[in-house]
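Peer 1: Data file target25.csv (CSV, C-alpha atoms and all ligand atoms) is appended below.
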```csv
chain,number,residue,atom,x,y,z
Z,4,MET,CA,237.2,-12.9,-61.0
Z,5,LYS,CA,236.3,-9.2,-60.6
Z,6,VAL,CA,232.8,-8.6,-61.9
Z,7,LEU,CA,231.1,-5.2,-62.4
Z,8,VAL,CA,227.3,-5.6,-62.3
Z,9,THR,CA,225.4,-2.7,-63.9
Z,10,GLY,CA,221.8,-2.1,-62.7
Z,11,ALA,CA,222.8,-3.6,-59.3
Z,12,ALA,CA,219.9,-1.7,-57.6
Z,13,GLY,CA,217.4,-3.5,-59.8
Z,14,LEU,CA,214.8,-6.1,-58.9
Z,15,LEU,CA,216.8,-8.8,-60.6
Z,16,GLY,CA,220.1,-7.0,-60.9
Z,17,GLY,CA,220.4,-6.4,-57.2
Z,18,ARG,CA,219.8,-10.0,-56.3
Z,19,LEU,CA,222.2,-11.1,-59.0
Z,20,ALA,CA,224.9,-8.9,-57.6
Z,21,THR,CA,224.4,-10.5,-54.1
Z,22,LEU,CA,224.2,-14.0,-55.4
Z,23,LEU,CA,227.3,-13.7,-57.6
Z,24,ALA,CA,229.2,-12.4,-54.6
Z,25,ALA,CA,228.0,-15.4,-52.6
Z,26,ARG,CA,229.4,-17.6,-55.4
Z,27,GLY,CA,232.8,-16.2,-54.9
Z,28,PHE,CA,233.0,-13.5,-57.6
Z,29,ALA,CA,234.5,-10.1,-56.5
Z,30,VAL,CA,231.4,-8.1,-57.3
Z,31,VAL,CA,231.4,-4.3,-57.7
Z,32,ALA,CA,227.9,-2.9,-57.9
Z,33,LEU,CA,227.3,-0.2,-60.3
Z,34,ARG,CA,224.7,2.2,-58.9
Z,35,HIS,CA,222.8,5.1,-60.4
Z,36,ASP,CA,220.1,6.6,-58.0
Z,37,ALA,CA,218.6,3.7,-56.0
Z,38,PRO,CA,220.6,1.8,-53.3
Z,39,THR,CA,222.6,-1.3,-54.3
Z,40,PRO,CA,223.0,-4.2,-51.8
Z,41,PRO,CA,224.8,-2.6,-48.8
Z,42,ALA,CA,227.4,-5.4,-48.4
Z,43,LEU,CA,228.9,-4.8,-51.8
Z,44,PRO,CA,231.4,-2.2,-52.9
Z,45,ALA,CA,229.7,0.3,-55.2
Z,46,LEU,CA,230.6,2.8,-58.0
Z,47,THR,CA,228.1,5.5,-59.1
Z,48,LEU,CA,227.7,6.1,-62.8
Z,49,ASP,CA,225.0,7.3,-65.2
Z,50,LEU,CA,225.5,4.8,-68.0
Z,51,THR,CA,224.1,7.2,-70.6
Z,52,ASP,CA,227.2,9.4,-69.9
Z,53,GLN,CA,229.3,8.0,-72.8
Z,54,GLY,CA,232.7,9.3,-71.7
Z,55,ALA,CA,232.3,8.2,-68.1
Z,56,LEU,CA,231.6,4.6,-69.1
Z,57,GLY,CA,235.1,4.0,-70.6
Z,58,ALA,CA,236.7,5.9,-67.8
Z,59,THR,CA,234.9,3.8,-65.2
Z,60,LEU,CA,236.1,0.5,-66.9
Z,61,ASP,CA,239.6,1.8,-67.1
Z,62,ALA,CA,239.6,2.8,-63.4
Z,63,SER,CA,238.0,-0.3,-62.0
Z,64,ARG,CA,239.5,-2.8,-64.4
Z,65,PRO,CA,237.0,-5.6,-64.1
Z,66,ASP,CA,237.6,-9.1,-65.6
Z,67,ALA,CA,233.9,-9.2,-66.6
Z,68,VAL,CA,230.8,-7.0,-66.8
Z,69,VAL,CA,227.2,-8.3,-66.2
Z,70,HIS,CA,224.9,-5.8,-67.8
Z,71,ALA,CA,221.6,-5.7,-66.0
Z,72,ALA,CA,220.8,-1.9,-66.2
Z,73,VAL,CA,217.6,-1.3,-68.2
Z,74,LEU,CA,214.5,0.8,-68.5
Z,75,SER,CA,212.2,-2.1,-67.7
Z,76,ARG,CA,208.7,-0.9,-67.0
Z,77,ALA,CA,206.6,-1.5,-70.1
Z,78,ASP,CA,204.4,1.6,-69.5
Z,79,GLU,CA,207.4,3.8,-69.0
Z,80,CYS,CA,209.0,2.5,-72.2
Z,81,GLU,CA,205.8,3.3,-74.1
Z,82,ARG,CA,205.7,6.8,-72.7
Z,83,ARG,CA,209.5,7.5,-73.1
Z,84,PRO,CA,210.6,5.6,-76.2
Z,85,ASP,CA,213.6,7.8,-76.7
Z,86,LEU,CA,215.0,7.0,-73.3
Z,87,ALA,CA,214.1,3.3,-73.8
Z,88,THR,CA,216.0,3.3,-77.1
Z,89,ASP,CA,219.1,5.0,-75.6
Z,90,LEU,CA,219.3,2.7,-72.5
Z,91,ASN,CA,217.9,-0.6,-73.9
Z,92,ALA,CA,218.9,-0.5,-77.5
Z,93,ARG,CA,222.0,1.7,-77.9
Z,94,LEU,CA,223.9,1.4,-74.6
Z,95,PRO,CA,224.5,-2.4,-75.0
Z,96,GLY,CA,226.3,-1.7,-78.3
Z,97,ARG,CA,228.5,1.0,-76.6
Z,98,LEU,CA,229.2,-1.4,-73.7
Z,99,GLY,CA,230.0,-4.2,-76.1
Z,100,ALA,CA,232.6,-2.1,-78.0
Z,101,ALA,CA,234.1,-0.8,-74.7
Z,102,CYS,CA,234.4,-4.3,-73.3
Z,103,ARG,CA,235.8,-5.8,-76.5
Z,104,ALA,CA,238.5,-3.1,-76.7
Z,105,ARG,CA,239.6,-3.9,-73.2
Z,106,GLY,CA,239.4,-7.7,-73.3
Z,107,ILE,CA,236.6,-7.7,-70.7
Z,108,ARG,CA,234.1,-10.6,-70.8
Z,109,LEU,CA,230.6,-9.3,-71.2
Z,110,VAL,CA,227.3,-11.0,-70.2
Z,111,GLY,CA,224.2,-9.0,-71.0
Z,112,LEU,CA,220.7,-9.7,-69.7
Z,113,SER,CA,217.6,-9.7,-71.9
Z,114,THR,CA,214.1,-10.8,-71.8
Z,115,ASP,CA,211.5,-13.4,-73.0
Z,116,LEU,CA,209.5,-10.3,-74.1
Z,117,VAL,CA,211.5,-10.2,-77.4
Z,118,PHE,CA,208.9,-12.8,-78.4
Z,119,GLY,CA,205.4,-12.0,-79.7
Z,120,GLY,CA,203.8,-14.9,-77.8
Z,121,GLU,CA,202.3,-16.8,-80.7
Z,122,ARG,CA,204.1,-20.1,-79.8
Z,123,ALA,CA,205.1,-22.0,-76.7
Z,124,LEU,CA,208.7,-22.9,-75.6
Z,125,SER,CA,210.7,-20.8,-78.0
Z,126,ASP,CA,214.4,-21.6,-78.3
Z,127,GLU,CA,217.2,-19.3,-79.4
Z,128,ARG,CA,216.5,-20.0,-83.1
Z,129,ALA,CA,212.9,-18.9,-82.9
Z,130,ALA,CA,212.2,-15.6,-84.7
Z,131,PRO,CA,211.6,-12.8,-82.2
Z,132,PHE,CA,208.6,-10.5,-82.7
Z,133,PRO,CA,208.4,-8.0,-79.9
Z,134,LEU,CA,205.0,-6.4,-79.4
Z,135,GLY,CA,206.0,-3.3,-77.4
Z,136,VAL,CA,208.7,-0.7,-77.0
Z,137,TYR,CA,210.3,-2.6,-74.2
Z,138,GLY,CA,210.7,-5.9,-76.1
Z,139,ARG,CA,211.7,-4.1,-79.3
Z,140,THR,CA,214.4,-2.0,-77.7
Z,141,LYS,CA,215.7,-5.0,-75.7
Z,142,LEU,CA,215.9,-7.0,-79.0
Z,143,GLU,CA,217.8,-4.1,-80.6
Z,144,GLY,CA,220.1,-4.1,-77.6
Z,145,GLU,CA,220.9,-7.8,-77.9
Z,146,GLN,CA,221.8,-7.4,-81.5
Z,147,ALA,CA,223.9,-4.3,-80.9
Z,148,LEU,CA,225.8,-6.0,-78.0
Z,149,LEU,CA,226.5,-9.1,-80.0
Z,150,SER,CA,227.6,-7.3,-83.1
Z,151,ALA,CA,229.9,-5.1,-81.1
Z,152,ASP,CA,231.3,-8.1,-79.2
Z,153,PRO,CA,230.6,-11.4,-80.9
Z,154,SER,CA,232.4,-13.3,-78.0
Z,155,ALA,CA,229.9,-11.9,-75.5
Z,156,ALA,CA,226.8,-13.8,-74.3
Z,157,VAL,CA,223.2,-12.6,-73.8
Z,158,ALA,CA,221.1,-14.4,-71.3
Z,159,ARG,CA,217.4,-14.1,-72.1
Z,160,VAL,CA,215.6,-14.4,-68.8
Z,161,ALA,CA,212.0,-15.4,-68.4
Z,162,LEU,CA,209.5,-13.9,-65.9
Z,163,VAL,CA,211.3,-13.6,-62.6
Z,164,ALA,CA,209.7,-15.2,-59.6
Z,165,GLY,CA,211.1,-15.8,-56.1
Z,166,ARG,CA,213.1,-13.3,-54.0
Z,167,GLY,CA,213.9,-9.9,-55.6
Z,168,HIS,CA,215.8,-6.8,-54.5
Z,169,GLY,CA,214.4,-3.4,-53.6
Z,170,PRO,CA,211.0,-2.0,-53.3
Z,171,ARG,CA,209.3,-3.7,-56.2
Z,172,GLY,CA,208.2,-7.4,-56.1
Z,173,THR,CA,208.9,-10.3,-58.5
Z,174,ALA,CA,205.9,-11.9,-60.1
Z,175,SER,CA,205.4,-14.2,-57.1
Z,176,GLU,CA,206.1,-11.4,-54.5
Z,177,SER,CA,203.6,-9.0,-56.1
Z,178,ILE,CA,200.9,-11.7,-55.8
Z,179,ALA,CA,201.9,-12.7,-52.3
Z,180,TRP,CA,201.9,-9.0,-51.1
Z,181,ALA,CA,198.5,-8.4,-52.5
Z,182,LEU,CA,197.0,-11.6,-51.0
Z,183,ARG,CA,198.5,-10.8,-47.6
Z,184,GLU,CA,196.9,-7.3,-47.7
Z,185,GLY,CA,193.5,-8.7,-48.7
Z,186,ARG,CA,193.7,-7.1,-52.1
Z,187,THR,CA,192.2,-8.7,-55.2
Z,188,VAL,CA,194.6,-9.9,-58.0
Z,189,ARG,CA,193.3,-10.5,-61.5
Z,190,LEU,CA,195.5,-13.0,-63.3
Z,191,PHE,CA,195.4,-14.0,-66.9
Z,192,ALA,CA,194.5,-17.6,-67.6
Z,193,ASP,CA,195.6,-17.3,-71.2
Z,194,GLU,CA,199.1,-15.8,-70.6
Z,195,HIS,CA,201.9,-18.4,-70.3
Z,196,ARG,CA,205.4,-18.0,-69.0
Z,197,THR,CA,208.3,-20.2,-67.7
Z,198,PRO,CA,209.1,-18.3,-64.4
Z,199,VAL,CA,212.7,-18.5,-63.1
Z,200,ASP,CA,214.3,-17.5,-59.9
Z,201,PRO,CA,217.3,-15.2,-59.4
Z,202,GLU,CA,219.2,-18.1,-57.9
Z,203,SER,CA,218.9,-20.1,-61.1
Z,204,VAL,CA,219.7,-17.0,-63.2
Z,205,ALA,CA,222.8,-16.4,-61.1
Z,206,ASP,CA,223.9,-20.0,-61.7
Z,207,GLY,CA,223.5,-19.5,-65.5
Z,208,VAL,CA,225.4,-16.2,-65.4
Z,209,ALA,CA,228.1,-17.7,-63.3
Z,210,LEU,CA,228.5,-20.5,-65.9
Z,211,LEU,CA,228.6,-18.0,-68.7
Z,212,LEU,CA,231.3,-16.1,-66.8
Z,213,GLU,CA,233.4,-19.1,-66.0
Z,214,ARG,CA,233.0,-21.3,-69.1
Z,215,GLY,CA,232.5,-18.8,-71.8
Z,216,GLY,CA,229.8,-19.3,-74.4
Z,217,ALA,CA,228.9,-16.7,-77.1
Z,218,GLY,CA,225.5,-15.6,-78.4
Z,219,LEU,CA,222.0,-16.1,-77.0
Z,220,PHE,CA,221.2,-18.4,-74.1
Z,221,HIS,CA,217.6,-18.8,-72.8
Z,222,LEU,CA,217.2,-19.0,-69.1
Z,223,GLY,CA,213.7,-20.1,-68.4
Z,224,GLY,CA,212.3,-22.1,-65.4
Z,225,PRO,CA,211.4,-25.8,-65.3
Z,226,GLU,CA,207.7,-25.3,-65.6
Z,227,ARG,CA,205.4,-23.6,-68.2
Z,228,LEU,CA,202.3,-22.2,-66.6
Z,229,SER,CA,199.7,-19.4,-66.8
Z,230,ARG,CA,199.7,-16.3,-64.6
Z,231,LEU,CA,196.5,-17.7,-63.0
Z,232,GLU,CA,198.2,-21.0,-62.3
Z,233,LEU,CA,201.2,-19.1,-60.9
Z,234,GLY,CA,199.0,-17.1,-58.6
Z,235,LEU,CA,197.3,-20.3,-57.2
Z,236,ARG,CA,200.7,-21.9,-56.8
Z,237,VAL,CA,202.0,-18.9,-54.8
Z,238,ALA,CA,199.0,-19.0,-52.5
Z,239,ARG,CA,199.4,-22.8,-51.9
Z,240,VAL,CA,203.2,-22.8,-51.4
Z,241,LEU,CA,203.1,-19.7,-49.1
Z,242,GLY,CA,199.9,-20.7,-47.3
Z,243,LEU,CA,198.0,-17.6,-48.3
Z,244,PRO,CA,194.3,-17.4,-49.0
Z,245,SER,CA,193.5,-17.8,-52.7
Z,246,ARG,CA,190.1,-16.2,-52.5
Z,247,GLY,CA,191.6,-12.8,-53.7
Z,248,ILE,CA,192.7,-14.4,-57.0
Z,249,GLU,CA,190.4,-13.7,-59.9
Z,250,SER,CA,190.7,-15.3,-63.3
Z,251,ALA,CA,191.0,-12.9,-66.3
Z,252,LEU,CA,191.6,-13.0,-70.0
Z,253,GLN,CA,194.1,-11.0,-72.0
Z,254,ALA,CA,191.2,-9.6,-74.2
Z,255,GLU,CA,190.0,-7.8,-71.1
Z,256,TYR,CA,193.3,-5.9,-70.6
Z,257,GLY,CA,193.2,-2.2,-71.3
Z,258,GLY,CA,196.8,-1.1,-70.6
Z,259,PRO,CA,199.0,0.9,-73.0
Z,260,ASP,CA,201.2,-2.0,-74.0
Z,261,ARG,CA,200.2,-5.2,-75.9
Z,262,ARG,CA,200.8,-8.4,-73.9
Z,263,PRO,CA,202.2,-11.5,-75.6
Z,264,ALA,CA,200.2,-14.6,-74.8
Z,265,ASP,CA,203.0,-17.2,-74.5
Z,266,THR,CA,206.7,-16.3,-74.1
Z,267,SER,CA,207.7,-19.5,-72.4
Z,268,LEU,CA,211.4,-20.4,-73.1
Z,269,ASP,CA,213.1,-23.6,-74.2
Z,270,SER,CA,216.4,-23.5,-72.4
Z,271,ALA,CA,218.0,-26.7,-73.8
Z,272,ARG,CA,221.0,-24.8,-75.1
Z,273,ALA,CA,222.0,-23.6,-71.6
Z,274,ARG,CA,221.3,-27.0,-70.1
Z,275,GLN,CA,223.3,-28.9,-72.8
Z,276,GLU,CA,226.3,-26.5,-73.4
Z,277,LEU,CA,226.7,-25.0,-69.9
Z,278,GLY,CA,225.2,-27.8,-67.7
Z,279,TRP,CA,222.7,-25.3,-66.4
Z,280,LYS,CA,219.8,-26.6,-64.3
Z,281,PRO,CA,217.1,-24.3,-63.1
Z,282,GLY,CA,215.9,-24.9,-59.5
Z,283,PRO,CA,212.3,-26.1,-58.8
Z,284,LEU,CA,209.5,-23.6,-59.0
Z,285,ASP,CA,208.3,-24.3,-55.5
Z,286,ARG,CA,211.7,-23.5,-54.0
Z,287,ALA,CA,211.6,-20.2,-55.9
Z,288,LEU,CA,208.1,-19.4,-54.6
Z,289,ARG,CA,209.1,-20.2,-51.0
Z,290,SER,CA,212.0,-17.7,-51.1
Z,291,SER,CA,209.7,-14.8,-52.0
Z,292,ARG,CA,209.7,-11.9,-49.6
Z,293,LEU,CA,206.4,-11.6,-47.7
Z,294,GLN,CA,206.6,-7.8,-47.8
Z,295,PRO,CA,208.7,-5.1,-49.5
Z,296,ASP,CA,212.1,-4.4,-48.0
Z,301,LIG,N1,212.6,-8.5,-63.5
Z,301,LIG,C1,212.1,-9.4,-64.4
Z,301,LIG,O1,211.1,-10.0,-64.2
Z,301,LIG,C2,213.0,-9.6,-65.6
Z,301,LIG,C3,212.5,-10.6,-66.5
Z,301,LIG,C4,213.2,-10.9,-67.6
Z,301,LIG,C5,214.4,-10.2,-67.9
Z,301,LIG,N2,214.8,-9.2,-67.1
Z,301,LIG,C6,216.0,-8.5,-67.4
Z,301,LIG,O2,216.9,-8.5,-66.3
Z,301,LIG,C7,217.7,-7.3,-66.3
Z,301,LIG,C8,217.6,-6.6,-65.0
Z,301,LIG,O3,216.2,-6.3,-64.8
Z,301,LIG,P1,215.7,-5.7,-63.4
Z,301,LIG,O4,214.4,-6.4,-63.1
Z,301,LIG,O5,216.8,-5.8,-62.4
Z,301,LIG,O6,215.4,-4.2,-63.8
Z,301,LIG,P2,215.0,-3.0,-62.9
Z,301,LIG,O7,214.5,-3.4,-61.5
Z,301,LIG,O8,214.1,-2.0,-63.7
Z,301,LIG,O9,216.4,-2.2,-62.6
Z,301,LIG,C9,217.0,-1.5,-63.6
Z,301,LIG,C10,218.3,-1.0,-63.1
Z,301,LIG,O10,218.9,-0.2,-64.1
Z,301,LIG,C11,219.5,1.0,-63.5
Z,301,LIG,N3,219.6,2.1,-64.5
Z,301,LIG,C12,218.6,2.7,-65.1
Z,301,LIG,N4,219.0,3.7,-65.8
Z,301,LIG,C13,220.4,3.8,-65.6
Z,301,LIG,C14,221.4,4.7,-66.0
Z,301,LIG,N5,221.2,5.7,-66.8
Z,301,LIG,N6,222.7,4.5,-65.5
Z,301,LIG,C15,222.9,3.5,-64.7
Z,301,LIG,N7,222.0,2.6,-64.3
Z,301,LIG,C16,220.7,2.8,-64.7
Z,301,LIG,C17,218.5,1.3,-62.4
Z,301,LIG,O11,219.2,2.1,-61.4
Z,301,LIG,P3,218.3,3.3,-60.7
Z,301,LIG,O12,217.1,2.6,-60.2
Z,301,LIG,O13,219.2,3.7,-59.6
Z,301,LIG,O14,218.0,4.3,-61.8
Z,301,LIG,C18,218.2,-0.1,-61.9
Z,301,LIG,O15,219.2,-0.5,-60.9
Z,301,LIG,C19,217.2,-6.5,-67.6
Z,301,LIG,O16,218.0,-6.8,-68.7
Z,301,LIG,C20,215.8,-7.0,-67.8
Z,301,LIG,O17,215.4,-6.9,-69.2
Z,301,LIG,C21,214.1,-8.9,-65.9
```
Output the file's structure in the form of structure tokens.

Peer 2:
Amino acid sequence: MKVLVTGAAGLLGGRLATLLAARGFAVVALRHDAPTPPALPALTLDLTDQGALGATLDASRPDAVVHAAVLSRADECERRPDLATDLNARLPGRLGAACRARGIRLVGLSTDLVFGGERALSDERAAPFPLGVYGRTKLEGEQALLSADPSAAVARVALVAGRGHGPRGTASESIAWALREGRTVRLFADEHRTPVDPESVADGVALLLERGGAGLFHLGGPERLSRLELGLRVARVLGLPSRGIESALQAEYGGPDRRPADTSLDSARARQELGWKPGPLDRALRSSRLQPD
């Protein structure tokens, strides 16, 4: 199956492109500015260029598109809401329409940050309540994609831990890099997530590509834990000193975006309908890079 992966230079998108290729998909990496994995054939495209999107699909004729391109940094989304709206909210609808018109299977990626964090282990029926521009625009993007192409799937991915792609680190890598450099990391004891690794996300996306499945699917890891617990686990699993880890509370946070307390995901739908099984957290943490690429 020929699969076009958008955002294939991204922290998760780049890893997904590599992992889907390793699972036997003929992956074409869609690149913008930053480098995509060197082993994969790549096409360059600015996805905000509406005319070029259809032309690229017609020229490359993929069987499926995995849509991972995004404006993901919360602070940038708060500063540039128009760009966040165009990329995260409107583009998925245009892509949905373009794929549906061509009979191309579409799997879009979204985030646990569509939730406001007021309850643990949300499933797909739980009411979303995004607190910031990132979560709001991603939620609008999910809705636009699925209304343009009701046969498409959207995988809502939890906080990513384990091995990422490119210069930024996953949640576990950022902690590991700080501890190795002797920096202090302040981690919230009252912020809970279900971290998941790119390998498990690639398994879920592969199942959605091969078996079909329409609508929302949660892909969260097997354990719910706080950021502080995650940090201590990273230190233990990777044999790093934990003395640089400081406990903090969300109330002390002074950033521009509001942080949801608990966006842990219940992934029973993916487990039951797709047979998806996320890998163990310790395996994910062990695969973290010990320094940026
Ligand atoms: N990382 C996480 O912890 C996490 C957690 C939950 C869900 N997710 C979801 O997973 C997906 C992938 O996230 P990620 O971590 O890989 O994001 P990322 O690291 O921010 O990467 C985003 C990608 O989008 C590309 N892009 C941005 N603007 C573009 C444009 N105009 N045209 C074409 N490409 C453009 C970027 O390319 P350039 O850099 O070249 O501009 C980059 O490759 C997103 O849907 C995100 O919401 C991620």

Peer 1: Taking 4 positions as the minimum chain separation for residues in the same chain, which residues sit within 6 Å of Val136 (chain Z) when counting only C-alpha atoms? Answer as a PyMOL selection string.

Peer 2: chain Z and resi 80-81+140

Peer 1: Using C-alpha atoms, can you write the selected residues to a file as a compact mmCIF listing (two decimals), in the coordinates of the input?

Peer 2:
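Saved as out_36.txt:
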```
# COMPACT_ATOMS: atom_id res chain seq x y z
CA CYS Z 80 209.00 2.50 -72.20
CA GLU Z 81 205.80 3.30 -74.10
CA THR Z 140 214.40 -2.00 -77.70
```

Peer 1: Within 12 Å of (207.8, -23.3, -80.1), in the coordinates the file gives, what residues turn up when you count only C-alpha atoms, written out as a list in words?

Peer 2: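 Here the neighbourhood of the point contains Phe118, Gly119, Gly120, Glu121, Arg122, Ala123, Leu124, Ser125, Asp126, Glu127, Arg128, Ala129, Ala130, Pro131, Asp265, Thr266, Ser267, Leu268, Asp269 and Ser270 of chain Z.
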
Peer 1: Go through chain Z and flag each residue having an atom no more than 6 Å from ligand LIG 301 (chain Z); for those, report the closest pair of atoms plus their distance in Å to one decimal, using only C-alpha atoms and all ligand atoms, ordered by chain and rising number, as CSV.

Peer 2:
```
residue,atom,partner,partner_atom,distance
Z:Gly10,CA,Z:LIG301,O15,3.5
Z:Ala11,CA,Z:LIG301,O15,5.0
Z:Ala12,CA,Z:LIG301,O15,3.6
Z:Gly13,CA,Z:LIG301,O9,3.2
Z:Leu14,CA,Z:LIG301,O7,3.8
Z:Leu15,CA,Z:LIG301,O5,3.5
Z:Gly16,CA,Z:LIG301,O5,3.8
Z:Arg34,CA,Z:LIG301,O13,5.7
Z:His35,CA,Z:LIG301,O13,3.9
Z:Asp36,CA,Z:LIG301,O13,3.4
Z:Ala37,CA,Z:LIG301,O13,3.6
Z:Leu48,CA,Z:LIG301,C15,5.8
Z:Asp49,CA,Z:LIG301,N6,3.6
Z:Leu50,CA,Z:LIG301,N6,3.8
Z:Thr51,CA,Z:LIG301,N5,5.0
Z:Ala71,CA,Z:LIG301,C8,4.2
Z:Ala72,CA,Z:LIG301,O10,3.3
Z:Val73,CA,Z:LIG301,O10,4.4
Z:Leu74,CA,Z:LIG301,O8,5.6
Z:Ser75,CA,Z:LIG301,O8,4.4
Z:Leu112,CA,Z:LIG301,O16,4.1
Z:Ser113,CA,Z:LIG301,O16,4.3
Z:Thr114,CA,Z:LIG301,C5,4.0
Z:Val160,CA,Z:LIG301,C4,4.4
Z:Ala161,CA,Z:LIG301,C4,4.7
Z:Leu162,CA,Z:LIG301,C3,4.5
Z:Val163,CA,Z:LIG301,O1,3.9
```

Peer 1: Given only C-alpha atoms as the basis, pick out the residue of Z:Gly17, Z:Pro40, Z:Gly216, Z:Gly135 nearest to Ala155 (chain Z).

Peer 2: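 Of Z:Gly17, Z:Pro40, Z:Gly216, Z:Gly135, the one nearest Ala155 (chain Z) is Z:Gly216, counting only C-alpha atoms.
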
Peer 1: Can you pull out every residue within 7 Å of region 65-67 of chain Z, counting only C-alpha atoms, but drop anything in the same chain fewer than 3 positions away, and send it as a short mmCIF file (atom, residue, chain, number, x, y, z; two decimals) with C-alpha atoms, in the coordinates of the input?

Peer 2:
```cif
data_model
loop_
_atom_site.label_atom_id
_atom_site.label_comp_id
_atom_site.auth_asym_id
_atom_site.auth_seq_id
_atom_site.Cartn_x
_atom_site.Cartn_y
_atom_site.Cartn_z
CA MET Z 4 237.20 -12.90 -61.00
CA LYS Z 5 236.30 -9.20 -60.60
CA VAL Z 6 232.80 -8.60 -61.90
CA LEU Z 7 231.10 -5.20 -62.40
CA LEU Z 60 236.10 0.50 -66.90
CA ILE Z 107 236.60 -7.70 -70.70
CA ARG Z 108 234.10 -10.60 -70.80
CA LEU Z 109 230.60 -9.30 -71.20
#
```

Peer 1: Could you tell me how far CA of Leu231 (chain Z) lies from CA of His168 (chain Z), in Å and to one decimal?

Peer 2: 23.7 Å

Peer 1: When distances are computed from all atoms listed in the file, which of Z:Thr197, Z:Gly207, Z:Leu288, Z:Val8 shows the smallest separation from Gly242 (chain Z)?

Peer 2: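 Of Z:Thr197, Z:Gly207, Z:Leu288, Z:Val8, the one nearest Gly242 (chain Z) is Z:Leu288, counting all atoms listed in the file.
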
Peer 1: With a distance cut-off of 10 Å and only C-alpha atoms, select the neighbouring residues of Asp296 (chain Z), excluding the residue or stretch itself and same-chain residues fewer than 2 positions from it, and output the selection as a short mmCIF file (atom, residue, chain, number, x, y, z; two decimals) with C-alpha atoms, in the coordinates of the input.

Peer 2:
```cif
data_model
loop_
_atom_site.label_atom_id
_atom_site.label_comp_id
_atom_site.auth_asym_id
_atom_site.auth_seq_id
_atom_site.Cartn_x
_atom_site.Cartn_y
_atom_site.Cartn_z
CA GLY Z 167 213.90 -9.90 -55.60
CA HIS Z 168 215.80 -6.80 -54.50
CA GLY Z 169 214.40 -3.40 -53.60
CA PRO Z 170 211.00 -2.00 -53.30
CA ARG Z 171 209.30 -3.70 -56.20
CA GLY Z 172 208.20 -7.40 -56.10
CA ARG Z 292 209.70 -11.90 -49.60
CA LEU Z 293 206.40 -11.60 -47.70
CA GLN Z 294 206.60 -7.80 -47.80
#
```

Peer 1: Using only C-alpha atoms, can you tell me which of Z:Phe132, Z:Tyr256, Z:Trp180, Z:Trp279 comes closest to Ala238 (chain Z)?

Peer 2: Z:Trp180

Peer 1: Taking all atoms listed in the file into account, which of Z:Leu22, Z:Ala273, Z:Ala147, Z:Leu212 comes nearest Asp89 (chain Z)?

Peer 2: Z:Ala147

Peer 1: I want to know what sits within 9 Å of Ala205 (chain Z), based on all atoms listed in the file, with residues of the same chain fewer than 2 positions away left out; could you give that as a ChimeraX atom specification?

Peer 2: /Z:18-20,22-23,26,200-203,207-210

Peer 1: Is there a way to get, as a PyMOL selection string, all residues within 8 Å of the point (201.5, -11.4, -69.9) in file coordinates, counting all atoms listed in the file?

Peer 2: chain Z and resi 191+194-196+230+253+262-265

Peer 1: Just the number, please: distance in Å from CA of Ile178 (chain Z) to CA of Gly224 (chain Z), one decimal.

Peer 2: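 Result for CA of Ile178 (chain Z) versus CA of Gly224 (chain Z): 18.2 Å, one decimal.
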
Peer 1: Rounded to one decimal, what separation in Å do you get between CA of Leu243 (chain Z) and CA of Pro225 (chain Z)?

Peer 2: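 One can read the CA of Leu243 (chain Z) to CA of Pro225 (chain Z) distance as 23.1 Å.
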
Peer 1: Select, from Z:Gly57, Z:Asp115, Z:Val30, Z:Arg97, the residue with the minimum atom-to-atom distance to Leu134 (chain Z), counting all atoms listed in the file.

Peer 2: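 Of Z:Gly57, Z:Asp115, Z:Val30, Z:Arg97, the one nearest Leu134 (chain Z) is Z:Asp115, counting all atoms listed in the file.
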